[in-house]
$ cat start-v2.cif   # mmCIF, N, CA and C atoms and all ligand atoms
data_data
loop_
_atom_site.label_atom_id
_atom_site.label_comp_id
_atom_site.auth_asym_id
_atom_site.auth_seq_id
_atom_site.Cartn_x
_atom_site.Cartn_y
_atom_site.Cartn_z
N MET A 3 -50.67 1.71 15.68
CA MET A 3 -50.31 2.07 14.30
C MET A 3 -49.20 1.15 13.80
N ASP A 4 -49.28 0.73 12.57
CA ASP A 4 -48.23 -0.08 11.96
C ASP A 4 -46.96 0.77 11.79
N TYR A 5 -45.86 0.07 11.60
CA TYR A 5 -44.58 0.76 11.36
C TYR A 5 -44.71 1.69 10.15
N CYS A 6 -44.21 2.91 10.30
CA CYS A 6 -44.27 3.87 9.18
C CYS A 6 -42.87 4.44 8.94
N PRO A 7 -42.27 4.13 7.79
CA PRO A 7 -40.92 4.65 7.49
C PRO A 7 -40.86 6.17 7.42
N PHE A 8 -41.97 6.81 7.03
CA PHE A 8 -41.96 8.27 6.96
C PHE A 8 -41.92 8.86 8.37
N CYS A 9 -42.65 8.26 9.32
CA CYS A 9 -42.58 8.73 10.71
C CYS A 9 -41.17 8.53 11.26
N GLU A 10 -40.54 7.41 10.88
CA GLU A 10 -39.18 7.16 11.35
C GLU A 10 -38.23 8.23 10.82
N LEU A 11 -38.39 8.62 9.54
CA LEU A 11 -37.57 9.70 8.99
C LEU A 11 -37.86 11.02 9.72
N ALA A 12 -39.14 11.27 9.98
CA ALA A 12 -39.53 12.52 10.65
C ALA A 12 -38.95 12.59 12.06
N SER A 13 -38.75 11.43 12.69
CA SER A 13 -38.23 11.40 14.06
C SER A 13 -36.78 11.85 14.14
N GLY A 14 -36.09 11.82 12.98
CA GLY A 14 -34.69 12.23 12.96
C GLY A 14 -33.74 11.14 13.42
N ASN A 15 -34.25 9.94 13.67
CA ASN A 15 -33.38 8.85 14.15
C ASN A 15 -32.65 8.15 13.02
N VAL A 16 -33.22 8.20 11.82
CA VAL A 16 -32.58 7.55 10.67
C VAL A 16 -32.68 8.45 9.44
N GLY A 17 -31.83 8.22 8.47
CA GLY A 17 -31.96 8.84 7.15
C GLY A 17 -31.86 10.34 7.12
N LEU A 18 -31.14 10.93 8.09
CA LEU A 18 -31.01 12.39 8.09
C LEU A 18 -30.38 12.90 6.79
N ASP A 19 -29.56 12.06 6.16
CA ASP A 19 -28.89 12.48 4.93
C ASP A 19 -29.86 12.58 3.75
N LEU A 20 -31.08 12.07 3.92
CA LEU A 20 -32.07 12.16 2.85
C LEU A 20 -33.01 13.35 3.01
N ILE A 21 -32.90 14.06 4.13
CA ILE A 21 -33.77 15.22 4.35
C ILE A 21 -33.25 16.39 3.52
N ALA A 22 -34.04 16.79 2.53
CA ALA A 22 -33.63 17.88 1.64
C ALA A 22 -34.02 19.24 2.20
N PHE A 23 -35.04 19.26 3.06
CA PHE A 23 -35.53 20.50 3.65
C PHE A 23 -36.41 20.14 4.82
N GLN A 24 -36.46 21.02 5.81
CA GLN A 24 -37.26 20.70 6.99
C GLN A 24 -37.71 21.97 7.70
N THR A 25 -38.96 21.96 8.14
CA THR A 25 -39.47 22.98 9.06
C THR A 25 -39.98 22.18 10.26
N PRO A 26 -40.45 22.81 11.33
CA PRO A 26 -40.97 22.02 12.45
C PRO A 26 -42.14 21.11 12.04
N ASN A 27 -42.87 21.45 10.98
CA ASN A 27 -44.08 20.70 10.61
C ASN A 27 -43.99 19.91 9.31
N VAL A 28 -43.00 20.20 8.50
CA VAL A 28 -42.93 19.65 7.14
C VAL A 28 -41.49 19.23 6.82
N PHE A 29 -41.36 18.12 6.08
CA PHE A 29 -40.02 17.77 5.59
C PHE A 29 -40.09 17.27 4.15
N VAL A 30 -38.92 17.29 3.48
CA VAL A 30 -38.84 16.95 2.06
C VAL A 30 -37.75 15.89 1.87
N ILE A 31 -38.10 14.83 1.10
CA ILE A 31 -37.11 13.79 0.78
C ILE A 31 -37.24 13.43 -0.70
N PRO A 32 -36.15 12.94 -1.31
CA PRO A 32 -36.26 12.41 -2.67
C PRO A 32 -37.09 11.12 -2.65
N ALA A 33 -37.98 10.95 -3.62
CA ALA A 33 -38.79 9.74 -3.70
C ALA A 33 -37.89 8.53 -3.93
N LEU A 34 -38.28 7.39 -3.37
CA LEU A 34 -37.51 6.15 -3.55
C LEU A 34 -37.58 5.71 -5.00
N LYS A 35 -38.78 5.79 -5.58
CA LYS A 35 -38.97 5.34 -6.96
C LYS A 35 -39.16 6.55 -7.87
N GLN A 36 -38.32 6.61 -8.92
CA GLN A 36 -38.36 7.75 -9.84
C GLN A 36 -38.17 7.27 -11.27
N ARG A 37 -38.84 7.96 -12.20
CA ARG A 37 -38.64 7.67 -13.62
C ARG A 37 -37.29 8.20 -14.07
N PRO A 38 -36.65 7.53 -15.04
CA PRO A 38 -35.38 8.04 -15.57
C PRO A 38 -35.51 9.46 -16.13
N LEU A 39 -36.66 9.77 -16.72
CA LEU A 39 -36.83 11.09 -17.34
C LEU A 39 -37.35 12.14 -16.37
N ASN A 40 -37.57 11.76 -15.11
CA ASN A 40 -38.07 12.71 -14.12
C ASN A 40 -37.27 12.64 -12.83
N ARG A 41 -35.95 12.53 -12.95
CA ARG A 41 -35.10 12.51 -11.76
C ARG A 41 -35.27 13.82 -10.99
N GLY A 42 -35.20 13.69 -9.66
CA GLY A 42 -35.42 14.85 -8.80
C GLY A 42 -36.82 14.88 -8.21
N HIS A 43 -37.56 13.78 -8.41
CA HIS A 43 -38.92 13.62 -7.87
C HIS A 43 -38.86 13.65 -6.34
N MET A 44 -39.51 14.62 -5.73
CA MET A 44 -39.45 14.80 -4.27
C MET A 44 -40.81 14.53 -3.63
N LEU A 45 -40.77 14.20 -2.35
CA LEU A 45 -41.98 14.05 -1.54
C LEU A 45 -41.96 15.13 -0.46
N VAL A 46 -43.10 15.80 -0.27
CA VAL A 46 -43.27 16.81 0.77
C VAL A 46 -44.26 16.25 1.78
N LEU A 47 -43.83 16.13 3.03
CA LEU A 47 -44.65 15.41 4.03
C LEU A 47 -44.81 16.19 5.33
N PRO A 48 -45.95 15.98 6.01
CA PRO A 48 -46.07 16.50 7.38
C PRO A 48 -45.22 15.62 8.30
N THR A 49 -44.65 16.20 9.36
CA THR A 49 -43.85 15.41 10.30
C THR A 49 -44.74 14.50 11.15
N THR A 50 -46.02 14.86 11.29
CA THR A 50 -46.95 14.01 12.05
C THR A 50 -47.61 13.01 11.11
N HIS A 51 -47.97 11.85 11.64
CA HIS A 51 -48.59 10.80 10.83
C HIS A 51 -50.06 11.15 10.59
N VAL A 52 -50.36 11.63 9.40
CA VAL A 52 -51.74 11.95 9.01
C VAL A 52 -52.04 11.12 7.77
N VAL A 53 -53.19 10.46 7.75
CA VAL A 53 -53.55 9.56 6.66
C VAL A 53 -54.55 10.21 5.71
N ARG A 54 -55.49 10.97 6.29
CA ARG A 54 -56.54 11.57 5.48
C ARG A 54 -56.36 13.08 5.36
N MET A 55 -56.55 13.57 4.16
CA MET A 55 -56.46 15.01 3.89
C MET A 55 -57.38 15.79 4.83
N ILE A 56 -58.56 15.24 5.10
CA ILE A 56 -59.56 15.93 5.92
C ILE A 56 -59.05 16.17 7.34
N ASN A 57 -58.08 15.36 7.77
CA ASN A 57 -57.55 15.49 9.13
C ASN A 57 -56.36 16.44 9.25
N LEU A 58 -55.99 17.05 8.14
CA LEU A 58 -54.90 18.03 8.18
C LEU A 58 -55.45 19.39 8.59
N GLU A 59 -54.81 20.03 9.56
CA GLU A 59 -55.16 21.41 9.90
C GLU A 59 -54.95 22.27 8.65
N SER A 60 -55.81 23.27 8.45
CA SER A 60 -55.69 24.07 7.23
C SER A 60 -54.36 24.81 7.18
N SER A 61 -53.83 25.18 8.34
CA SER A 61 -52.52 25.86 8.35
C SER A 61 -51.42 24.91 7.86
N LEU A 62 -51.60 23.61 8.14
CA LEU A 62 -50.61 22.62 7.70
C LEU A 62 -50.75 22.36 6.19
N VAL A 63 -51.98 22.35 5.69
CA VAL A 63 -52.19 22.24 4.24
C VAL A 63 -51.46 23.37 3.54
N GLN A 64 -51.65 24.56 4.08
CA GLN A 64 -51.03 25.76 3.51
C GLN A 64 -49.51 25.63 3.52
N GLU A 65 -48.97 25.17 4.64
CA GLU A 65 -47.51 25.05 4.75
C GLU A 65 -46.97 23.98 3.81
N LEU A 66 -47.67 22.84 3.72
CA LEU A 66 -47.24 21.76 2.83
C LEU A 66 -47.17 22.25 1.39
N TYR A 67 -48.21 22.94 0.94
CA TYR A 67 -48.22 23.40 -0.45
C TYR A 67 -47.27 24.57 -0.69
N ALA A 68 -47.04 25.37 0.34
CA ALA A 68 -46.05 26.45 0.18
C ALA A 68 -44.66 25.84 -0.01
N VAL A 69 -44.34 24.81 0.78
CA VAL A 69 -43.04 24.13 0.63
C VAL A 69 -42.99 23.43 -0.73
N ALA A 70 -44.09 22.79 -1.14
CA ALA A 70 -44.12 22.10 -2.44
C ALA A 70 -43.85 23.10 -3.57
N GLY A 71 -44.36 24.29 -3.45
CA GLY A 71 -44.10 25.34 -4.45
C GLY A 71 -42.62 25.69 -4.52
N ARG A 72 -41.99 25.77 -3.35
CA ARG A 72 -40.55 26.07 -3.32
C ARG A 72 -39.76 24.91 -3.92
N VAL A 73 -40.17 23.67 -3.61
CA VAL A 73 -39.49 22.49 -4.14
C VAL A 73 -39.61 22.47 -5.66
N SER A 74 -40.79 22.82 -6.17
CA SER A 74 -41.02 22.87 -7.61
C SER A 74 -40.05 23.85 -8.27
N MET A 75 -39.89 25.03 -7.68
CA MET A 75 -38.97 26.03 -8.24
C MET A 75 -37.52 25.55 -8.14
N ALA A 76 -37.17 24.91 -7.02
CA ALA A 76 -35.79 24.42 -6.84
C ALA A 76 -35.48 23.33 -7.87
N GLY A 77 -36.50 22.52 -8.23
CA GLY A 77 -36.31 21.47 -9.22
C GLY A 77 -35.94 22.03 -10.58
N ARG A 78 -36.45 23.22 -10.88
CA ARG A 78 -36.07 23.88 -12.15
C ARG A 78 -34.58 24.21 -12.12
N LYS A 79 -34.13 24.67 -10.95
CA LYS A 79 -32.76 25.13 -10.80
C LYS A 79 -31.77 23.96 -10.82
N VAL A 80 -32.03 22.91 -10.02
CA VAL A 80 -31.00 21.88 -9.85
C VAL A 80 -31.21 20.65 -10.73
N PHE A 81 -32.41 20.42 -11.25
CA PHE A 81 -32.63 19.24 -12.10
C PHE A 81 -33.01 19.61 -13.52
N GLY A 82 -32.96 20.90 -13.85
CA GLY A 82 -33.21 21.34 -15.21
C GLY A 82 -34.64 21.17 -15.68
N ALA A 83 -35.59 21.12 -14.73
CA ALA A 83 -37.00 20.99 -15.11
C ALA A 83 -37.51 22.31 -15.67
N THR A 84 -38.58 22.22 -16.48
CA THR A 84 -39.21 23.45 -16.96
C THR A 84 -40.52 23.69 -16.23
N GLY A 85 -40.94 22.72 -15.41
CA GLY A 85 -42.15 22.82 -14.60
C GLY A 85 -42.26 21.57 -13.77
N SER A 86 -43.41 21.37 -13.09
CA SER A 86 -43.58 20.20 -12.23
C SER A 86 -45.01 19.70 -12.31
N THR A 87 -45.20 18.41 -11.98
CA THR A 87 -46.53 17.89 -11.71
C THR A 87 -46.58 17.57 -10.22
N LEU A 88 -47.60 18.12 -9.54
CA LEU A 88 -47.79 17.86 -8.12
C LEU A 88 -49.02 16.98 -7.96
N PHE A 89 -48.92 15.93 -7.12
CA PHE A 89 -50.10 15.13 -6.83
C PHE A 89 -50.02 14.53 -5.44
N LEU A 90 -51.19 14.20 -4.92
CA LEU A 90 -51.31 13.67 -3.57
C LEU A 90 -52.35 12.56 -3.57
N ASN A 91 -52.01 11.41 -2.99
CA ASN A 91 -52.96 10.32 -2.85
C ASN A 91 -53.62 10.42 -1.49
N ASP A 92 -54.94 10.61 -1.47
CA ASP A 92 -55.68 10.73 -0.22
C ASP A 92 -56.33 9.38 0.07
N GLU A 93 -55.60 8.52 0.74
CA GLU A 93 -56.06 7.17 1.06
C GLU A 93 -56.48 6.41 -0.19
N ALA A 94 -55.75 6.65 -1.29
CA ALA A 94 -56.01 5.93 -2.53
C ALA A 94 -55.68 4.45 -2.32
N PRO A 95 -56.41 3.55 -3.00
CA PRO A 95 -56.17 2.13 -2.76
C PRO A 95 -54.79 1.66 -3.23
N ASP A 96 -54.32 0.61 -2.58
CA ASP A 96 -53.09 -0.08 -2.96
C ASP A 96 -51.82 0.76 -2.87
N GLN A 97 -51.84 1.76 -1.99
CA GLN A 97 -50.60 2.48 -1.74
C GLN A 97 -49.74 1.64 -0.81
N GLN A 98 -48.43 1.90 -0.82
CA GLN A 98 -47.56 1.20 0.12
C GLN A 98 -47.45 1.97 1.43
N LEU A 99 -47.54 3.30 1.35
CA LEU A 99 -47.40 4.13 2.54
C LEU A 99 -48.55 5.13 2.60
N TYR A 100 -49.27 5.10 3.72
CA TYR A 100 -50.46 5.94 3.81
C TYR A 100 -50.23 7.29 4.50
N HIS A 101 -49.01 7.50 4.99
CA HIS A 101 -48.66 8.81 5.57
C HIS A 101 -48.74 9.83 4.42
N LEU A 102 -49.64 10.80 4.54
CA LEU A 102 -49.88 11.75 3.44
C LEU A 102 -48.59 12.37 2.94
N HIS A 103 -48.49 12.54 1.63
CA HIS A 103 -47.33 13.23 1.05
C HIS A 103 -47.70 13.79 -0.32
N ILE A 104 -47.12 14.93 -0.64
CA ILE A 104 -47.31 15.54 -1.95
C ILE A 104 -46.12 15.15 -2.82
N HIS A 105 -46.40 14.57 -3.99
CA HIS A 105 -45.34 14.29 -4.96
C HIS A 105 -45.07 15.56 -5.75
N VAL A 106 -43.80 15.91 -5.91
CA VAL A 106 -43.42 17.02 -6.78
C VAL A 106 -42.49 16.43 -7.84
N VAL A 107 -43.03 16.27 -9.05
CA VAL A 107 -42.31 15.59 -10.13
C VAL A 107 -41.78 16.63 -11.12
N PRO A 108 -40.45 16.75 -11.25
CA PRO A 108 -39.89 17.69 -12.22
C PRO A 108 -40.27 17.26 -13.64
N ARG A 109 -40.72 18.19 -14.45
CA ARG A 109 -41.17 17.87 -15.80
C ARG A 109 -40.34 18.57 -16.85
N ARG A 110 -40.19 17.88 -17.96
CA ARG A 110 -39.50 18.42 -19.13
C ARG A 110 -40.35 18.07 -20.35
N SER A 111 -40.28 18.87 -21.37
CA SER A 111 -41.05 18.60 -22.58
C SER A 111 -40.71 17.23 -23.14
N GLY A 112 -41.72 16.45 -23.48
CA GLY A 112 -41.50 15.14 -24.10
C GLY A 112 -41.15 14.03 -23.13
N ASP A 113 -41.29 14.26 -21.82
CA ASP A 113 -40.89 13.22 -20.85
C ASP A 113 -41.92 12.09 -20.71
N GLU A 114 -43.08 12.26 -21.32
CA GLU A 114 -44.13 11.22 -21.34
C GLU A 114 -44.52 10.75 -19.94
N PHE A 115 -44.52 11.66 -18.98
CA PHE A 115 -44.90 11.31 -17.61
C PHE A 115 -46.37 10.91 -17.55
N ARG A 116 -46.65 9.80 -16.88
CA ARG A 116 -48.03 9.40 -16.60
C ARG A 116 -48.07 8.63 -15.30
N ILE A 117 -49.26 8.55 -14.70
CA ILE A 117 -49.44 7.90 -13.40
C ILE A 117 -50.46 6.77 -13.56
N PRO A 118 -50.23 5.54 -13.10
CA PRO A 118 -48.93 5.05 -12.63
C PRO A 118 -48.06 4.71 -13.83
N ASP A 119 -46.78 4.74 -13.62
CA ASP A 119 -45.85 4.59 -14.73
C ASP A 119 -45.04 3.31 -14.63
N PRO A 120 -45.05 2.47 -15.67
CA PRO A 120 -44.28 1.23 -15.62
C PRO A 120 -42.77 1.46 -15.65
N MET A 121 -42.34 2.67 -16.03
CA MET A 121 -40.90 2.94 -16.10
C MET A 121 -40.29 3.30 -14.75
N ILE A 122 -41.15 3.49 -13.73
CA ILE A 122 -40.62 3.92 -12.45
C ILE A 122 -39.68 2.85 -11.89
N GLU A 123 -38.60 3.28 -11.27
CA GLU A 123 -37.61 2.33 -10.76
C GLU A 123 -37.04 2.80 -9.44
N GLU A 124 -36.57 1.83 -8.65
CA GLU A 124 -36.03 2.15 -7.34
C GLU A 124 -34.62 2.72 -7.45
N LEU A 125 -34.35 3.80 -6.72
CA LEU A 125 -33.04 4.43 -6.74
C LEU A 125 -32.18 3.93 -5.59
N SER A 126 -30.88 4.00 -5.75
CA SER A 126 -29.97 3.65 -4.66
C SER A 126 -30.04 4.75 -3.61
N HIS A 127 -29.67 4.38 -2.39
CA HIS A 127 -29.60 5.38 -1.32
C HIS A 127 -28.64 6.49 -1.73
N GLU A 128 -27.54 6.12 -2.37
CA GLU A 128 -26.52 7.09 -2.77
C GLU A 128 -27.09 8.12 -3.76
N GLU A 129 -27.85 7.64 -4.74
CA GLU A 129 -28.41 8.60 -5.70
C GLU A 129 -29.43 9.52 -5.03
N ARG A 130 -30.22 8.97 -4.11
CA ARG A 130 -31.19 9.81 -3.38
C ARG A 130 -30.46 10.81 -2.48
N ARG A 131 -29.33 10.36 -1.88
CA ARG A 131 -28.55 11.24 -1.00
C ARG A 131 -28.00 12.41 -1.82
N ARG A 132 -27.50 12.12 -3.04
CA ARG A 132 -26.98 13.19 -3.91
C ARG A 132 -28.08 14.20 -4.24
N GLN A 133 -29.29 13.69 -4.52
CA GLN A 133 -30.40 14.59 -4.83
C GLN A 133 -30.77 15.45 -3.62
N ALA A 134 -30.72 14.82 -2.42
CA ALA A 134 -31.03 15.57 -1.20
C ALA A 134 -30.05 16.72 -1.02
N ILE A 135 -28.76 16.47 -1.29
CA ILE A 135 -27.73 17.50 -1.15
C ILE A 135 -28.01 18.65 -2.12
N LEU A 136 -28.34 18.33 -3.37
CA LEU A 136 -28.64 19.36 -4.37
C LEU A 136 -29.82 20.21 -3.93
N MET A 137 -30.89 19.55 -3.45
CA MET A 137 -32.09 20.27 -3.05
C MET A 137 -31.84 21.11 -1.80
N ARG A 138 -31.03 20.56 -0.87
CA ARG A 138 -30.68 21.29 0.34
C ARG A 138 -30.04 22.62 -0.03
N GLY A 139 -29.12 22.56 -1.01
CA GLY A 139 -28.46 23.77 -1.45
C GLY A 139 -29.42 24.76 -2.08
N ALA A 140 -30.38 24.25 -2.84
CA ALA A 140 -31.32 25.12 -3.54
C ALA A 140 -32.41 25.67 -2.63
N LEU A 141 -32.76 24.92 -1.57
CA LEU A 141 -33.85 25.33 -0.68
C LEU A 141 -33.35 26.14 0.51
N GLY A 142 -32.05 26.11 0.71
CA GLY A 142 -31.46 26.88 1.80
C GLY A 142 -31.97 26.47 3.15
ZN ZN A 201 -46.20 8.05 9.37
#
$ encode --input "start-v2.cif" --output "structure tokens"
Amino acid sequence: MDYCPFCELASGNVGLDLIAFQTPNVFVIPALKQRPLNRGHMLVLPTTHVVRMINLESSLVQELYAVAGRVSMAGRKVFGATGSTLFLNDEAPDQQLYHLHIHVVPRRSGDEFRIPDPMIEELSHEERRRQAILMRGALG
């Protein structure tokens, strides 16, 4: 398998400060690239390297989406969202990282969110770390 940054995060060897929430099977991190109008965009991932949705155990699908639901609610609390858009790329072409993950994008009226978005930009580690701290507090 090629190097996978998400597996490296799941291993706990690096980037612990970016982990916003964790169970034995699932973890949550702030997305590297976020729109200015949708700050607080989180990724919900299995700790194991799974590429295809079909290869996820149904109990893990359930756990991933249960955590995504909690992340969506926490985004209302800490990022002032009024709702969220959730999406998952199942081996979609031209992705940079194929380790499955659910995007949870905080939404506000008039934010003009669309996929893919030319406004998306890379965040500093510090800004992502601040978001992780906020989410950690909200997700307990
Ligand atoms: Zn991986």
$ residues_near_ligand --input "start-v2.cif" --ligand "ligand ZN 201 (chain A)" --cutoff "7 Å" --atoms "only C-alpha atoms and all ligand atoms" --output "PDB file with N, CA and C atoms, in the coordinates of the input"
ATOM      1  N   CYS A   6     -44.210   2.910  10.300  1.00  0.00           N
ATOM      2  CA  CYS A   6     -44.270   3.870   9.180  1.00  0.00           C
ATOM      3  C   CYS A   6     -42.870   4.440   8.940  1.00  0.00           C
ATOM      4  N   PRO A   7     -42.270   4.130   7.790  1.00  0.00           N
ATOM      5  CA  PRO A   7     -40.920   4.650   7.490  1.00  0.00           C
ATOM      6  C   PRO A   7     -40.860   6.170   7.420  1.00  0.00           C
ATOM      7  N   PHE A   8     -41.970   6.810   7.030  1.00  0.00           N
ATOM      8  CA  PHE A   8     -41.960   8.270   6.960  1.00  0.00           C
ATOM      9  C   PHE A   8     -41.920   8.860   8.370  1.00  0.00           C
ATOM     10  N   CYS A   9     -42.650   8.260   9.320  1.00  0.00           N
ATOM     11  CA  CYS A   9     -42.580   8.730  10.710  1.00  0.00           C
ATOM     12  C   CYS A   9     -41.170   8.530  11.260  1.00  0.00           C
ATOM     13  N   THR A  50     -46.020  14.860  11.290  1.00  0.00           N
ATOM     14  CA  THR A  50     -46.950  14.010  12.050  1.00  0.00           C
ATOM     15  C   THR A  50     -47.610  13.010  11.110  1.00  0.00           C
ATOM     16  N   HIS A  51     -47.970  11.850  11.640  1.00  0.00           N
ATOM     17  CA  HIS A  51     -48.590  10.800  10.830  1.00  0.00           C
ATOM     18  C   HIS A  51     -50.060  11.150  10.590  1.00  0.00           C
ATOM     19  N   VAL A  52     -50.360  11.630   9.400  1.00  0.00           N
ATOM     20  CA  VAL A  52     -51.740  11.950   9.010  1.00  0.00           C
ATOM     21  C   VAL A  52     -52.040  11.120   7.770  1.00  0.00           C
ATOM     22  N   HIS A 101     -49.010   7.500   4.990  1.00  0.00           N
ATOM     23  CA  HIS A 101     -48.660   8.810   5.570  1.00  0.00           C
ATOM     24  C   HIS A 101     -48.740   9.830   4.420  1.00  0.00           C
TER      25      HIS A 101
END
$ residues_near_point --input "start-v2.cif" --point "(-38.6, 13.9, 1.3)" --cutoff "6 Å" --atoms "all atoms listed in the file" --output "count of residues only"
12
$ residues_around --input "start-v2.cif" --residues "stretch 87-96 of chain A" --least-positions-apart "2" --cutoff "10 Å" --atoms "only C-alpha atoms" --output "count of residues only"
28
$ atom_distance --input "start-v2.cif" --atom1 "atom CA of A:Leu18" --atom2 "atom CA of A:Glu65"
21.1 Å
$ closest_residue --input "start-v2.cif" --among "A:Leu11, A:Leu39, A:Val73, A:Leu66" --to "A:Asn27" --atoms "only C-alpha atoms"
A:Leu66
$ closest_residue --input "start-v2.cif" --among "A:Gln36, A:Pro26, A:Leu62, A:Gly14" --to "A:Met121" --atoms "only C-alpha atoms"
A:Gln36
